[in-house]
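Text of data_25.cif (mmCIF, C-alpha atoms) as supplied:
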data_model
loop_
_atom_site.label_atom_id
_atom_site.label_comp_id
_atom_site.auth_asym_id
_atom_site.auth_seq_id
_atom_site.Cartn_x
_atom_site.Cartn_y
_atom_site.Cartn_z
CA MET R 514 4.12 -65.42 -12.53
CA ALA R 515 7.53 -66.81 -11.59
CA ALA R 516 8.97 -65.96 -8.20
CA PRO R 517 11.28 -62.92 -8.20
CA PRO R 518 15.01 -63.08 -7.42
CA VAL R 519 15.94 -63.90 -3.83
CA ILE R 520 18.99 -61.64 -3.57
CA ASP R 521 17.89 -58.17 -2.43
CA GLY R 522 19.75 -56.16 -5.06
CA GLU R 523 18.34 -58.31 -7.86
CA PHE R 524 14.91 -58.10 -6.26
CA ALA R 525 15.16 -54.28 -6.25
CA ARG R 526 15.96 -54.36 -9.96
CA TRP R 527 13.00 -56.68 -10.59
CA LEU R 528 10.66 -54.39 -8.65
CA ALA R 529 11.84 -51.23 -10.42
CA GLY R 530 11.46 -52.94 -13.78
CA ARG R 531 7.93 -54.15 -13.07
CA ALA R 532 6.78 -50.75 -11.83
CA GLY R 533 8.41 -49.05 -14.80
CA GLN R 534 6.62 -51.31 -17.27
CA ALA R 535 3.30 -50.61 -15.57
CA LEU R 536 3.95 -46.87 -15.88
CA LEU R 537 4.79 -47.14 -19.57
CA GLU R 538 1.56 -49.06 -20.18
CA LEU R 539 -0.43 -46.47 -18.22
CA ARG R 540 1.12 -43.66 -20.26
CA ALA R 541 0.18 -45.41 -23.50
CA GLU R 542 -3.36 -46.08 -22.27
CA MET R 543 -4.19 -42.63 -20.88
CA GLY R 544 -2.27 -40.38 -23.23
CA PHE R 545 -1.24 -36.84 -22.31
CA ALA R 546 -4.46 -34.82 -22.71
CA ASP R 547 -4.95 -34.54 -18.93
CA PRO R 548 -1.52 -34.22 -17.26
CA GLY R 549 -2.98 -33.94 -13.77
CA ALA R 550 -4.93 -37.17 -14.08
CA LEU R 551 -1.90 -38.95 -15.56
CA LYS R 552 0.33 -37.82 -12.68
CA ALA R 553 -2.15 -39.00 -10.06
CA ALA R 554 -2.71 -42.32 -11.80
CA GLY R 555 1.03 -42.88 -12.21
CA ASP R 556 1.73 -42.34 -8.52
CA LYS R 557 -1.14 -44.65 -7.55
CA VAL R 558 -0.40 -47.50 -9.97
CA SER R 559 3.31 -47.68 -9.18
CA HIS R 560 2.86 -47.28 -5.42
CA GLU R 561 0.23 -50.02 -5.25
CA LEU R 562 2.30 -52.40 -7.37
CA LEU R 563 5.44 -51.89 -5.25
CA ARG R 564 3.54 -52.13 -1.97
CA THR R 565 1.74 -55.30 -3.10
CA GLU R 566 4.93 -57.06 -4.20
CA LEU R 567 6.84 -56.04 -1.06
CA ALA R 568 4.00 -57.32 1.13
CA ARG R 569 4.00 -60.59 -0.81
CA TRP R 570 7.73 -61.26 -1.09
CA ARG R 571 9.25 -59.31 1.84
CA PRO R 572 6.42 -59.29 4.43
CA ALA R 573 8.73 -58.88 7.43
CA ASP R 574 10.33 -55.70 6.10
CA ALA R 575 9.13 -52.15 6.78
CA VAL R 576 8.48 -49.68 3.95
CA LEU R 577 8.86 -45.92 3.55
CA SER R 578 7.14 -44.71 0.39
CA GLU R 579 6.59 -41.16 -0.81
CA GLU R 580 2.94 -42.05 -1.35
CA ASP R 581 2.31 -43.38 2.17
CA GLU R 582 0.06 -41.30 4.38
CA GLY R 583 2.22 -39.45 6.90
CA ALA R 584 5.46 -40.28 5.07
CA ARG R 585 6.72 -36.71 5.47
CA LEU R 586 6.20 -36.58 9.23
CA ALA R 587 9.24 -36.31 11.49
CA TRP R 588 8.83 -38.86 14.27
CA ALA R 589 10.02 -38.04 17.78
CA ALA R 590 12.86 -40.04 19.28
CA GLY R 591 11.59 -42.95 21.36
CA MET R 592 8.24 -43.16 19.60
CA GLU R 593 6.57 -46.55 19.87
CA PRO R 594 7.51 -48.90 16.98
CA GLU R 595 3.87 -49.57 16.10
CA VAL R 596 3.40 -45.85 15.40
CA ALA R 597 6.46 -45.62 13.13
CA PRO R 598 7.48 -49.26 12.56
CA ARG R 599 10.33 -48.44 10.22
CA LEU R 600 12.30 -46.80 13.06
CA GLY R 601 12.55 -50.09 14.95
CA ALA R 602 12.94 -52.31 11.91
CA ASP R 603 16.18 -53.95 10.82
CA ARG R 604 15.25 -53.68 7.13
CA VAL R 605 13.34 -50.84 5.45
CA TRP R 606 12.49 -50.46 1.78
CA ILE R 607 12.67 -46.78 0.78
CA ILE R 608 10.74 -46.26 -2.44
CA ASP R 609 9.72 -43.45 -4.76
CA PRO R 610 7.08 -45.00 -7.02
CA LEU R 611 7.33 -42.18 -9.57
CA ASP R 612 10.18 -39.69 -9.36
CA GLY R 613 9.46 -36.85 -11.76
CA THR R 614 5.68 -36.83 -12.16
CA ARG R 615 5.87 -33.64 -14.23
CA GLU R 616 8.15 -35.26 -16.79
CA PHE R 617 6.07 -38.46 -16.73
CA SER R 618 3.03 -36.42 -17.76
CA GLU R 619 4.77 -34.75 -20.72
CA GLU R 620 4.86 -36.58 -24.03
CA GLY R 621 8.34 -37.46 -25.24
CA ARG R 622 10.14 -36.88 -21.95
CA THR R 623 12.31 -39.70 -20.64
CA ASP R 624 13.81 -38.05 -17.52
CA TRP R 625 11.59 -39.69 -14.88
CA ALA R 626 12.31 -42.72 -12.73
CA VAL R 627 11.30 -45.39 -10.23
CA HIS R 628 13.41 -45.71 -7.05
CA VAL R 629 13.69 -48.88 -4.96
CA ALA R 630 16.24 -49.09 -2.11
CA LEU R 631 16.74 -51.35 0.89
CA TRP R 632 18.17 -49.87 4.10
CA ALA R 633 19.57 -52.31 6.68
CA ARG R 634 20.51 -51.60 10.27
CA ARG R 635 23.66 -53.72 10.02
CA ALA R 636 24.79 -52.41 6.65
CA GLY R 637 28.46 -52.03 5.90
CA THR R 638 27.91 -48.78 4.00
CA ALA R 639 27.83 -45.27 5.47
CA HIS R 640 24.39 -44.56 4.01
CA GLY R 641 22.98 -47.92 5.12
CA ILE R 642 21.59 -48.93 1.72
CA VAL R 643 22.45 -52.55 0.89
CA GLY R 644 20.58 -52.99 -2.38
CA ALA R 645 18.96 -50.55 -4.79
CA ALA R 646 17.76 -49.97 -8.32
CA VAL R 647 16.76 -46.94 -10.36
CA GLY R 648 14.36 -47.70 -13.17
CA LEU R 649 14.40 -45.34 -16.14
CA PRO R 650 11.44 -46.86 -17.99
CA ALA R 651 11.25 -44.46 -20.92
CA GLN R 652 15.00 -44.98 -21.47
CA HIS R 653 14.49 -48.77 -21.34
CA ARG R 654 17.11 -49.35 -18.67
CA VAL R 655 17.47 -50.12 -14.98
CA LEU R 656 20.59 -49.19 -13.00
CA GLY R 657 21.23 -51.34 -9.94
CA THR R 658 23.73 -52.12 -7.22
CA ASP R 659 23.62 -55.77 -8.26
CA GLN R 660 25.31 -54.88 -11.55
CA PRO R 661 26.82 -51.41 -10.97
CA PRO R 662 27.84 -49.61 -14.16
CA SER R 663 31.50 -48.86 -14.79
CA TYR R 664 32.94 -45.59 -13.55
CA PRO R 665 32.18 -42.78 -16.04
CA PRO R 666 35.00 -41.64 -18.38
CA MET R 667 37.08 -38.60 -17.43
CA THR R 668 40.31 -36.77 -18.22
CA SER R 669 43.32 -36.33 -15.95
CA ALA R 670 42.83 -32.55 -16.04
CA ALA R 671 39.31 -32.72 -14.69
CA GLY R 672 40.27 -32.25 -11.05
CA THR R 673 42.21 -29.03 -11.44
CA GLY R 674 41.18 -27.18 -14.57
CA SER R 675 37.94 -26.20 -16.22
CA THR R 676 37.72 -29.35 -18.30
CA GLY R 677 35.41 -32.17 -17.39
CA SER R 678 35.02 -35.69 -18.65
CA THR R 679 35.84 -36.99 -22.10
CA GLY R 680 33.26 -36.37 -24.81
CA SER R 681 32.16 -38.85 -27.45
CA ASP R 682 34.89 -37.56 -29.80
CA GLY R 683 37.60 -38.29 -27.22
CA THR R 684 38.32 -34.62 -26.43
CA ALA R 685 38.07 -32.98 -23.02
CA ARG R 686 35.02 -30.85 -22.32
CA ARG R 687 33.89 -28.46 -19.59
CA VAL R 688 32.51 -29.74 -16.31
CA ARG R 689 28.80 -30.36 -16.72
CA LEU R 690 26.38 -30.12 -13.79
CA ALA R 691 22.83 -31.44 -13.88
CA ALA R 692 20.33 -28.78 -12.87
CA SER R 693 16.62 -28.78 -12.17
CA ARG R 694 14.62 -27.68 -15.19
CA SER R 695 11.96 -26.15 -12.95
CA ARG R 696 13.50 -25.39 -9.51
CA PRO R 697 17.27 -24.82 -9.81
CA PRO R 698 18.93 -23.60 -6.58
CA VAL R 699 19.46 -19.82 -6.75
CA PHE R 700 23.22 -20.13 -6.14
CA LEU R 701 23.80 -22.65 -8.94
CA THR R 702 24.50 -20.12 -11.70
CA ASP R 703 27.25 -18.44 -9.68
CA LEU R 704 28.66 -21.81 -8.63
CA ALA R 705 28.82 -22.93 -12.26
CA ALA R 706 30.54 -19.68 -13.26
CA GLU R 707 33.25 -20.18 -10.63
CA LEU R 708 33.87 -23.75 -11.76
CA GLY R 709 33.71 -22.90 -15.45
CA ALA R 710 30.90 -25.42 -15.64
CA GLU R 711 27.95 -25.88 -17.98
CA LEU R 712 24.48 -26.38 -16.48
CA VAL R 713 22.39 -29.13 -18.05
CA PRO R 714 18.64 -28.91 -17.24
CA MET R 715 16.97 -32.25 -16.45
CA GLY R 716 13.87 -33.58 -14.75
CA SER R 717 13.78 -35.96 -11.81
CA ALA R 718 16.50 -36.42 -9.20
CA GLY R 719 16.87 -40.04 -10.23
CA ALA R 720 17.40 -39.05 -13.86
CA LYS R 721 20.00 -36.46 -12.84
CA ILE R 722 22.01 -38.91 -10.73
CA ALA R 723 21.68 -41.51 -13.48
CA ALA R 724 23.24 -38.97 -15.83
CA VAL R 725 26.23 -38.67 -13.47
CA ILE R 726 26.49 -42.47 -13.35
CA SER R 727 26.49 -42.72 -17.14
CA GLY R 728 28.99 -39.86 -17.57
CA GLU R 729 26.53 -37.61 -19.40
CA VAL R 730 27.21 -35.02 -16.69
CA ASP R 731 29.95 -34.77 -14.08
CA GLY R 732 27.93 -33.85 -11.02
CA TYR R 733 24.61 -32.95 -9.48
CA VAL R 734 24.04 -30.50 -6.62
CA HIS R 735 20.71 -30.05 -4.88
CA ALA R 736 19.89 -27.71 -2.01
CA GLY R 737 16.21 -26.98 -2.43
CA GLY R 738 14.57 -29.61 -0.25
CA GLN R 739 14.14 -33.35 -0.79
CA TYR R 740 13.18 -36.45 1.15
CA GLU R 741 14.95 -39.77 1.64
CA TRP R 742 13.06 -41.49 -1.20
CA ASP R 743 14.30 -38.87 -3.66
CA SER R 744 17.91 -40.00 -3.34
CA ALA R 745 18.27 -43.33 -1.48
CA ALA R 746 18.25 -45.59 -4.54
CA PRO R 747 20.21 -43.38 -6.97
CA VAL R 748 22.84 -42.52 -4.32
CA ALA R 749 23.33 -46.21 -3.55
CA VAL R 750 23.84 -47.04 -7.23
CA ALA R 751 26.18 -44.06 -7.66
CA THR R 752 28.40 -45.04 -4.74
CA ALA R 753 28.41 -48.68 -5.88
CA THR R 754 29.75 -47.35 -9.18
CA GLY R 755 32.55 -45.53 -7.34
CA LEU R 756 31.16 -42.01 -7.47
CA PHE R 757 31.20 -39.54 -4.56
CA ALA R 758 28.02 -38.64 -2.67
CA SER R 759 27.46 -36.53 0.46
CA ARG R 760 25.50 -33.67 1.96
CA ILE R 761 26.58 -30.26 0.64
CA ASP R 762 28.71 -29.76 3.77
CA GLY R 763 30.56 -32.99 3.02
CA SER R 764 28.88 -35.05 5.75
CA ALA R 765 27.47 -38.51 5.11
CA LEU R 766 24.02 -39.08 3.67
CA LYS R 767 21.98 -41.12 6.16
CA TYR R 768 18.68 -42.89 5.61
CA ASN R 769 15.77 -44.22 7.67
CA GLN R 770 16.06 -41.29 10.03
CA ALA R 771 13.22 -40.12 12.28
CA ASP R 772 12.88 -37.04 10.06
CA PRO R 773 12.71 -38.24 6.43
CA ARG R 774 13.69 -34.83 5.07
CA LEU R 775 17.09 -34.92 3.37
CA PRO R 776 17.17 -31.50 1.77
CA ASP R 777 20.55 -31.37 0.05
CA LEU R 778 23.14 -33.56 -1.60
CA VAL R 779 26.12 -33.70 -3.94
CA VAL R 780 26.79 -36.57 -6.35
CA CYS R 781 29.83 -36.29 -8.59
CA ARG R 782 33.03 -37.88 -9.81
CA LYS R 783 35.54 -38.33 -6.98
CA ASP R 784 38.16 -36.16 -8.68
CA LEU R 785 35.70 -33.26 -8.83
CA ALA R 786 34.43 -33.55 -5.24
CA PRO R 787 37.11 -31.41 -3.45
CA ARG R 788 36.64 -28.47 -5.86
CA LEU R 789 32.87 -28.75 -5.79
CA LEU R 790 32.59 -28.95 -1.99
CA ALA R 791 35.01 -26.04 -1.53
CA ALA R 792 33.03 -23.90 -3.95
CA LEU R 793 29.79 -24.82 -2.17
CA GLN R 794 31.26 -23.69 1.15
CA ARG R 795 32.01 -20.30 -0.36
CA HIS R 796 28.63 -19.85 -2.03
CA LEU R 797 26.49 -21.24 0.78
CA ARG R 798 28.73 -20.28 3.72
CA VAL R 799 28.67 -23.85 4.99
CA PRO R 800 30.41 -23.86 8.42
#

Using structure tokens, write down the structure from this file.
Amino acid sequence: MAAPPVIDGEFARWLAGRAGQALLELRAEMGFADPGALKAAGDKVSHELLRTELARWRPADAVLSEEDEGARLAWAAGMEPEVAPRLGADRVWIIDPLDGTREFSEEGRTDWAVHVALWARRAGTAHGIVGAAVGLPAQHRVLGTDQPPSYPPMTSAAGTGSTGSTGSDGTARRVRLAASRSRPPVFLTDLAAELGAELVPMGSAGAKIAAVISGEVDGYVHAGGQYEWDSAAPVAVATATGLFASRIDGSALKYNQADPRLPDLVVCRKDLAPRLLAALQRHLRVP
């Protein structure tokens, strides 16, 4: 096998692509008769592949993976680096080997993803991610910071009225918000009604943010609990594209924190962000 790209963003794309291909092959081999077994195998195969390649090609870097034992623990400030090495590291790969295991285990679904992101202590970005890729294997594409997609199409009325981005026929349409198909936040229906928005059910967080990046939807709001690996890679690609991303109170998203929980976020077009954040403050009583 040829050596992977040296540049971190290209390397992230390479990793996400390799893991995605392995997941597609596993899906074809196992079939969908036993969804539980397919989910477990998918997590294991992708995690082991990513961990093996990172150990081989980036041995000095730390890793935070959803599938690591103790990944969800919140480490105390001042804890010894050998106990939680990522907290003292200058570079940390934040990976979700299989985002959307439920969708992965269902035949015909394409809304699942592989997340690969690199956090750096001396990053020039607010979130600290310096290279990232989101693999969408069943959609046969990888979105990455090395080649960020163009900003999604929109109309000039999108920021003030009930219209959203431009549809395929060139006409304005309502704002569209990606929503969890299984665990939508309880406030989301009322929020959509206030904005005159349409809710579009989708699977994984990565697939939802990818839909914002592509312009399929105009925004994604989550407030039901997530971890850093759920959003690090897709948020980095979204902001590289020029989209807006923050916590639901408007504060910056930060990664490689002692507590890996990052329970809420907003990703949307910049013109929509003021309306969306203001509406969130009303519905969630954000101080």

Under the rule of at most 12 Å, produce a per-residue listing of segment 700-755 of chain R near segment 565-582 of chain R: chain, number, name, the closest pair of atoms, and the distance in Å, as CSV, using only C-alpha atoms.
residue,atom,partner,partner_atom,distance
R:Gln739,CA,R:Glu579,CA,10.9
R:Tyr740,CA,R:Glu579,CA,8.3
R:Glu741,CA,R:Glu579,CA,8.8
R:Trp742,CA,R:Glu579,CA,6.5
R:Asp743,CA,R:Glu579,CA,8.5
R:Ser744,CA,R:Glu579,CA,11.7
R:Ala745,CA,R:Leu577,CA,11.0

- prompt: With all atoms listed in the file as the basis for distance, which of R:Asp612, R:Ala651, R:Glu561, R:Ala724 is at the shortest distance from Arg540 of chain R?
  reply: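 Ranking R:Asp612, R:Ala651, R:Glu561, R:Ala724 by distance to Arg540 of chain R, first place goes to R:Ala651.
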
I'd like the residues picked by the PyMOL selection byres ((chain R and resi 723) around 8) written out as an mmCIF file with C-alpha atoms, keeping the file's coordinate frame, using the chain letters and numbers from the file.
data_model
loop_
_atom_site.group_PDB
_atom_site.id
_atom_site.type_symbol
_atom_site.label_atom_id
_atom_site.label_comp_id
_atom_site.auth_asym_id
_atom_site.auth_seq_id
_atom_site.Cartn_x
_atom_site.Cartn_y
_atom_site.Cartn_z
ATOM 1 C CA VAL R 647 16.760 -46.940 -10.360
ATOM 2 C CA LEU R 656 20.590 -49.190 -13.000
ATOM 3 C CA GLY R 719 16.870 -40.040 -10.230
ATOM 4 C CA ALA R 720 17.400 -39.050 -13.860
ATOM 5 C CA LYS R 721 20.000 -36.460 -12.840
ATOM 6 C CA ILE R 722 22.010 -38.910 -10.730
ATOM 7 C CA ALA R 724 23.240 -38.970 -15.830
ATOM 8 C CA VAL R 725 26.230 -38.670 -13.470
ATOM 9 C CA ILE R 726 26.490 -42.470 -13.350
ATOM 10 C CA SER R 727 26.490 -42.720 -17.140
ATOM 11 C CA PRO R 747 20.210 -43.380 -6.970
ATOM 12 C CA ALA R 751 26.180 -44.060 -7.660
#

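Across the structure, atom CA of Leu778 of chain R and atom CA of Ile520 of chain R are spaced 28.5 Å apart.
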
task: Check the smallest atom-to-atom distance from each of R:Gly737, R:Gly601, R:Pro548, R:Gly709 to Ala633 of chain R using only C-alpha atoms, then report the winner.
output: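 Of all the options, R:Gly601 lies closest to Ala633 of chain R.
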
message: Which residue is closest to Ala636 of chain R? Choose from R:Ala587, R:Val605, R:Ala550, R:Leu537 and count only C-alpha atoms.
response: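 Ranked by minimum distance to Ala636 of chain R, first place goes to R:Val605.
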
task: Excluding Leu562 of chain R and any residue of its chain fewer than 4 positions from it, enumerate the residues within 10 Å of it, using only C-alpha atoms, and give them as a PyMOL selection string.
output: chain R and resi 528+531-532+535+557-558+566-568+610

Which residues of segment 570-616 of chain R have any atom within 12 Å of an atom in segment 759-768 of chain R when counting all atoms listed in the file, and what is the closest pair of atoms for each, with the distance in Å to one decimal? Order the rows by chain and rising number and write it as a Markdown table.
| residue | atom | partner | partner_atom | distance |
| --- | --- | --- | --- | --- |
| R:Leu577 | CA | R:Tyr768 | CA | 10.5 |
| R:Arg599 | CA | R:Tyr768 | CA | 11.0 |
| R:Leu600 | CA | R:Tyr768 | CA | 10.6 |
| R:Arg604 | CA | R:Tyr768 | CA | 11.4 |
| R:Val605 | CA | R:Tyr768 | CA | 9.6 |
| R:Trp606 | CA | R:Tyr768 | CA | 10.5 |
| R:Ile607 | CA | R:Tyr768 | CA | 8.6 |
| R:Ile608 | CA | R:Tyr768 | CA | 11.8 |

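Of the listed residues R:Arg795, R:His640, R:Arg689, R:Arg622, the one whose atoms come nearest to Val750 of chain R is R:His640, with distances taken using all atoms listed in the file.
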
message: If I take atom CA of Arg526 of chain R and atom CA of Thr658 of chain R, how far is one from the other in Å, to one decimal?
response: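 Separation between atom CA of Arg526 of chain R and atom CA of Thr658 of chain R: 8.5 Å.
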
field: One-decimal distance in Å that lies between atom CA of Ala746 of chain R and atom CA of Val627 of chain R
entry: 9.0 Å

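Remark: for Gly728 of chain R, the closest of the candidate residues R:Arg774, R:Arg634, R:Arg782, R:Arg694 is R:Arg782 (distances computed over only C-alpha atoms).
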